[in-house]
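Trainee: My structure is below; once you've seen it, I'll send some questions.
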Amino acid sequence: MRLTVIGLGYLGATHAVAMAKLGHQVIGIEQDQSKLESLRQGKIPFHEPGLDSALTEVLATGRLTFQSEHDSQSSSAEIHFICVGTPQKESGEADTSYVVSATKQLAKHLKPESVVAGKSTIPVGTAAKLKHQMSEIAGFPVHLAWNPEFLREGTALEDSLKPDRIVVGSWDQYSVEKLKEAYQPILETGTPFLSLDVETAELVKVAANAFLATKISFINAMAEIAEAAGADAVALAEAIGHDERIGKKFLRSGIGFGGGCLPKDIRGFIARAEELGVGSSLDFLKDVDQINLRRRSRVVELAKQELGTLANKKVLVLGISFKPDSDDLRDSPSLEIARRLSELGAEVVIHDPVALAALKEPGKLKPEQNLEVAAKDADLVILGTEWKEYRDLEPAKLKVKSKVIIDGRNVLDVKKWQLAGWKVIALGRNIQN
Ligand SMILES: NC(=O)c1ccc[n+]([C@@H]2O[C@H](COP(=O)([O-])OP(=O)(O)OC[C@H]3O[C@@H](n4cnc5c(N)ncnc54)[C@H](O)[C@@H]3O)[C@@H](O)[C@H]2O)c1
């Protein structure tokens with residue numbers, strides 16, 4: 001099929017490559033010239049395992065091309081996927097202005113038989129407004145469907161090619177059939193396809209993210225209780241996780257969630273529920289958000305307890321991306337902790353296997369790519385992102401001034417570190433050092 005993918009960030013670049021890998025002829029449309037240039041040269045403008053080589057592979061087939069604007073060729077695509085950003089406004093609401101302007105631009109070029117499939121995460125009720133606006137501009141009833149995306153950064157390509165489910169919300173069967181055709185190679189493998197009403201499809205993504213955020217904040221609330229009661233939240237999670245109704249996933253206490261999706265999606269969801277007059281239904285998500293943010297403050301408190309004054313103290317923060325296998329710094333818990341410690345007067349050295357290059361404005365933070373150099377003379381080490389490099393780290397590699405580490409992700413082998421002479425502090429645990 002001939003497809004376009006509009007907006008080539010984390011979602012769109014991955015989707016464009018995945019669709020070309022499935023055999024479709026894909027035109028990627030992106031307004032940021034530097035991203036466009038990088039993609040044309042076969043370089044993904046962010047870190048995502050396996051995506052660079054997949055891009056090189058599909059570029060060589062000629063099935064994927066890039067451009068900055070619509071033209072007669074892109075207009076004739078059978079499906080246009082909308083993948084532009086929906087960041088958070090200051091008020092907490094989702095900013096849908098990029099989706100509005102991308103769909104308006106598209107409507108001027110649209111063919112009546114083309115389907116527009118939104119993948120961006122939008123507040124429930126947005127698609128109906130977009131359909132109305134686009135149909136007015138196009139002069140015919142536009143086939144609009146909503147097809148939320150569930151990929152996770154770090155495993156984005158794999159998630160796109162082997163999703164748990166494909167969800168499509170639509171007003172017409174024609175759009176559903178077109179999307180089924182596009183995803184046919186995936187559906188043949190038995191992937192569930194859920195054809196829903198549009199409002200439910202819009203809700204699926206934010207509801208899923210609200211649930212995941214709640215699970216993380218639940219265990220972090222337990223960590224707060226465990227810290228006060230002298231219990232161990234890691235052992236607690238293991239014990240309750242054996243119950244298959246609860247499960248073990250997303251139950252590791254730590255410095256909490258961040259990134260470009262979970263935090264803004266729950267805040268946008270809260271704002272939308274308030275607009276709908278059912279704000280109290282999501283009051284609990286405000287607590288989920290607060291519990292999550294309190295974990296960052298807890299690490300700052302622990303650092304102060306350990307170091308006394310932070311002035312003239314050197315702190316090494318291991319990992320600045322919001323999660324491992326990604327260089328995404330949006331709302332990264334470890335980066336916020338690093339910044340707050342720096343504001344309090346500490347000299348903060350940051351290390352990360354890939355994300356330092358993505359930090360355009362380090363301010364007073366000191367990026368250092370060489371781990372041994374970064375660790376030199378540190379008074380405190382904080383593990384902020386659970387990269388494999390850090391989980392497997394040999395303590396002897398860090399020649400610090402003071403052997404104290406805060407494990408912000410509960411991933412270290414505590415005994416190993418203690419045997420190497422380290423004091424280990426971890427969130428939600430009462431470790432005897
Ligand atoms: N990042 C993820 O893991 C993920 C997963 C699922 C869903 N989502 C959702 O997908 C959407 C995109 O997220 P993202 O992380 O890829 O954002 P992003 O900011 O990385 O990418 C958005 C891209 O769209 C481009 N753009 C904006 N307006 C445009 C226009 N009119 N024409 C062409 N290009 C335009 C921007 O330049 C940018 O490159 C959001 O709604 C997000 O919530 C993201």
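Ordering of the structure tokens sets the chain letters (A, B, ...); residue numbers start at 1 within each chain; ligands are numbered from 1 in the order shown.
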Considering only C-alpha atoms, return as a PyMOL selection string whatever protein or nucleic-acid residues lie within 10 Å of Gln41 of chain A, sequence-local ones (same chain, fewer than 5 positions apart) excluded.

Mentor: chain A and resi 35-36+55-56+59

Trainee: Neighbouring residues of ligand 1 are defined here as those with any atom at most 9 Å from a ligand atom, counting only C-alpha atoms and all ligand atoms; list them as a ChimeraX atom specification.

Mentor: /A:5-14,28-33,35-36,46,68-69,82-87,94,96-106,119-122,148-154,156,205,259-262,264-265,328

Trainee: List the neighbours of Lys364 of chain A out to 10 Å using only C-alpha atoms; skip same-chain residues closer than 4 positions along the sequence, and give me the result as a PyMOL selection string.

Mentor: chain A and resi 338-339+342-343+345-349

Trainee: Enumerate the residues of segment 139-347 of chain A with a DSSP assignment of strand (DSSP E or B), computed from the backbone, and present them as a list of chain:residue names.

Mentor: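 Those residues are A:His143, A:Leu144, A:Ala145, A:Trp146, A:Ile166, A:Val167, A:Val168, A:Gly169, A:Ser170, A:Phe193, A:Leu194, A:Ser195, A:Leu196, A:Lys314, A:Val315, A:Leu316, A:Val317, A:Leu318, A:Glu347.
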
Trainee: Identify which of the residues A:Leu427, A:Val176, A:Val116, A:Val58 lies closest to Ala228 of chain A, counting only C-alpha atoms when measuring atom-to-atom distances.

Mentor: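 Of A:Leu427, A:Val176, A:Val116, A:Val58, the one nearest Ala228 of chain A is A:Leu427, counting only C-alpha atoms.
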
Trainee: Sort by chain and increasing residue number a table of all residues of segment 288-339 of chain A within 7 Å of segment 365-383 of chain A, each with its closest pair of atoms and their distance in Å to one decimal, counting only C-alpha atoms, and write it as CSV.

Mentor:
residue,atom,partner,partner_atom,distance
A:Lys313,CA,A:Asp379,CA,6.1
A:Lys314,CA,A:Ala378,CA,4.9
A:Val315,CA,A:Leu380,CA,4.9
A:Leu316,CA,A:Val381,CA,4.7
A:Val317,CA,A:Ile382,CA,4.8
A:Leu318,CA,A:Leu383,CA,4.8
A:Gly319,CA,A:Leu383,CA,6.7

Trainee: Write the residues of the selection above to a file with C-alpha atoms, as a tab-separated table (two decimals), in the first residue's frame.

Mentor:
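So the final result, stored in selection_2.tsv, reads:
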chain	number	residue	atom	x	y	z
A	313	LYS	CA	30.45	17.79	47.56
A	314	LYS	CA	30.81	15.81	44.38
A	315	VAL	CA	27.88	13.63	43.35
A	316	LEU	CA	27.98	11.22	40.41
A	317	VAL	CA	24.61	10.46	38.80
A	318	LEU	CA	24.59	7.26	36.76
A	319	GLY	CA	22.08	7.54	33.93

Trainee: Can you tell me which residues surround Ser91 of chain A at a distance of at most 9 Å, considering only C-alpha atoms, apart from same-chain residues fewer than 3 positions away, and format the answer as a tab-separated table (two decimals) with N, CA and C atoms, in the first residue's frame?

Mentor:
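Dumped everything to out.tsv:
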chain	number	residue	atom	x	y	z
A	88	GLN	N	2.50	18.44	26.88
A	88	GLN	CA	1.66	18.96	27.97
A	88	GLN	C	1.69	20.48	27.97
A	94	ALA	N	-3.49	18.38	27.46
A	94	ALA	CA	-2.70	18.00	26.28
A	94	ALA	C	-2.80	19.12	25.25
A	267	ARG	N	-1.71	13.64	33.32
A	267	ARG	CA	-2.16	15.03	33.60
A	267	ARG	C	-3.20	15.48	32.58
A	268	GLY	N	-2.97	15.11	31.32
A	268	GLY	CA	-3.94	15.45	30.27
A	268	GLY	C	-5.27	14.75	30.51
A	271	ALA	N	-7.13	16.54	33.25
A	271	ALA	CA	-7.71	17.80	32.74
A	271	ALA	C	-8.95	17.52	31.90

Trainee: Which residue, A:Ile266, A:Val400, A:Val115, A:Ile425, has the smallest gap to Gln305 of chain A when you use only C-alpha atoms?

Mentor: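 The closest residue to Gln305 of chain A is A:Ile425.
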
Trainee: Excluding Ile137 of chain A and residues on its chain fewer than 3 positions from it, collect all residues at most 10 Å away from it, counting only C-alpha atoms, and give them as number ranges by chain.

Mentor: A: 103-110, 132-134, 140-142

Trainee: Mind dumping the selected residues with N, CA, C and O atoms as an mmCIF file, in the first residue's frame?

Mentor:
data_model
loop_
_atom_site.group_PDB
_atom_site.id
_atom_site.type_symbol
_atom_site.label_atom_id
_atom_site.label_comp_id
_atom_site.auth_asym_id
_atom_site.auth_seq_id
_atom_site.Cartn_x
_atom_site.Cartn_y
_atom_site.Cartn_z
ATOM 1 N N THR A 103 -3.406 18.041 10.608
ATOM 2 C CA THR A 103 -4.586 17.519 9.895
ATOM 3 C C THR A 103 -5.179 18.590 8.966
ATOM 4 O O THR A 103 -5.678 18.272 7.890
ATOM 5 N N LYS A 104 -5.086 19.867 9.389
ATOM 6 C CA LYS A 104 -5.578 20.941 8.498
ATOM 7 C C LYS A 104 -4.732 21.004 7.224
ATOM 8 O O LYS A 104 -5.259 21.122 6.128
ATOM 9 N N GLN A 105 -3.394 20.931 7.409
ATOM 10 C CA GLN A 105 -2.506 20.955 6.226
ATOM 11 C C GLN A 105 -2.847 19.798 5.295
ATOM 12 O O GLN A 105 -2.956 19.943 4.082
ATOM 13 N N LEU A 106 -3.048 18.621 5.910
ATOM 14 C CA LEU A 106 -3.328 17.417 5.125
ATOM 15 C C LEU A 106 -4.659 17.548 4.387
ATOM 16 O O LEU A 106 -4.766 17.143 3.213
ATOM 17 N N ALA A 107 -5.662 18.119 5.059
ATOM 18 C CA ALA A 107 -7.013 18.198 4.475
ATOM 19 C C ALA A 107 -7.009 18.937 3.140
ATOM 20 O O ALA A 107 -7.791 18.633 2.242
ATOM 21 N N LYS A 108 -6.077 19.893 3.000
ATOM 22 C CA LYS A 108 -6.021 20.668 1.746
ATOM 23 C C LYS A 108 -5.595 19.793 0.568
ATOM 24 O O LYS A 108 -5.811 20.142 -0.580
ATOM 25 N N HIS A 109 -4.917 18.684 0.878
ATOM 26 C CA HIS A 109 -4.361 17.840 -0.192
ATOM 27 C C HIS A 109 -5.062 16.489 -0.313
ATOM 28 O O HIS A 109 -4.699 15.681 -1.147
ATOM 29 N N LEU A 110 -6.022 16.259 0.576
ATOM 30 C CA LEU A 110 -6.564 14.910 0.742
ATOM 31 C C LEU A 110 -7.442 14.454 -0.436
ATOM 32 O O LEU A 110 -8.133 15.255 -1.041
ATOM 33 N N HIS A 132 -14.561 16.917 11.682
ATOM 34 C CA HIS A 132 -15.419 18.016 11.233
ATOM 35 C C HIS A 132 -14.574 19.086 10.506
ATOM 36 O O HIS A 132 -14.884 19.486 9.388
ATOM 37 N N GLN A 133 -13.468 19.487 11.170
ATOM 38 C CA GLN A 133 -12.601 20.523 10.580
ATOM 39 C C GLN A 133 -12.029 20.078 9.231
ATOM 40 O O GLN A 133 -12.022 20.825 8.250
ATOM 41 N N MET A 134 -11.534 18.843 9.197
ATOM 42 C CA MET A 134 -10.908 18.346 7.958
ATOM 43 C C MET A 134 -11.937 18.250 6.841
ATOM 44 O O MET A 134 -11.646 18.597 5.692
ATOM 45 N N PHE A 140 -15.411 17.250 1.477
ATOM 46 C CA PHE A 140 -16.093 15.940 1.435
ATOM 47 C C PHE A 140 -15.910 15.287 2.809
ATOM 48 O O PHE A 140 -15.032 15.700 3.568
ATOM 49 N N PRO A 141 -16.740 14.295 3.148
ATOM 50 C CA PRO A 141 -16.592 13.649 4.458
ATOM 51 C C PRO A 141 -15.307 12.822 4.516
ATOM 52 O O PRO A 141 -15.140 11.892 3.730
ATOM 53 N N VAL A 142 -14.441 13.246 5.392
ATOM 54 C CA VAL A 142 -13.125 12.596 5.477
ATOM 55 C C VAL A 142 -13.231 11.277 6.252
ATOM 56 O O VAL A 142 -13.938 11.192 7.248
#

Trainee: What's around Glu389 of chain A at 12 Å? Count only C-alpha atoms, leave out sequence neighbours fewer than 4 positions away in its own chain, and write the answer as a PyMOL selection string.

Mentor: chain A and resi 318-319+324-325+351-354+371+383+385+393-395+397+411-412

Trainee: Tell me which of A:Ala226, A:Ile320, A:Leu310, A:Leu196 sits closest to Ala426 of chain A, counting only C-alpha atoms.

Mentor: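 For Ala426 of chain A, the nearest of the candidates is A:Ala226.
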
Trainee: Quick one: residues within 8 Å of Phe322 of chain A, only C-alpha atoms, excluding same-chain residues fewer than 5 positions away - as a ChimeraX atom specification?

Mentor: /A:257-259,327-335,385

Trainee: Considering only C-alpha atoms, can you say which of A:Gly254, A:Gly279, A:Gly428, A:Pro185 comes closest to Ser160 of chain A?

Mentor: A:Pro185

Trainee: In segment 292-349 of chain A, what's alpha helix (DSSP H) per DSSP? Answer as a list of chain:residue names?

Mentor: A:Asn292, A:Leu293, A:Arg294, A:Arg295, A:Arg296, A:Ser297, A:Arg298, A:Val299, A:Val300, A:Glu301, A:Leu302, A:Ala303, A:Lys304, A:Gln305, A:Glu306, A:Leu307, A:Pro333, A:Ser334, A:Leu335, A:Glu336, A:Ile337, A:Ala338, A:Arg339, A:Arg340, A:Leu341, A:Ser342, A:Glu343

Trainee: Between atom CA of Leu276 of chain A and atom CA of Trp171 of chain A, what is the spacing in Å?

Mentor: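 Atom-to-atom, atom CA of Trp171 of chain A and atom CA of Leu276 of chain A are spaced 21.7 Å apart.
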
Trainee: Determine the nearest neighbour of Ser114 of chain A from the options A:His47, A:Arg295, A:Lys178, A:Arg165, counting only C-alpha atoms.

Mentor: A:Lys178
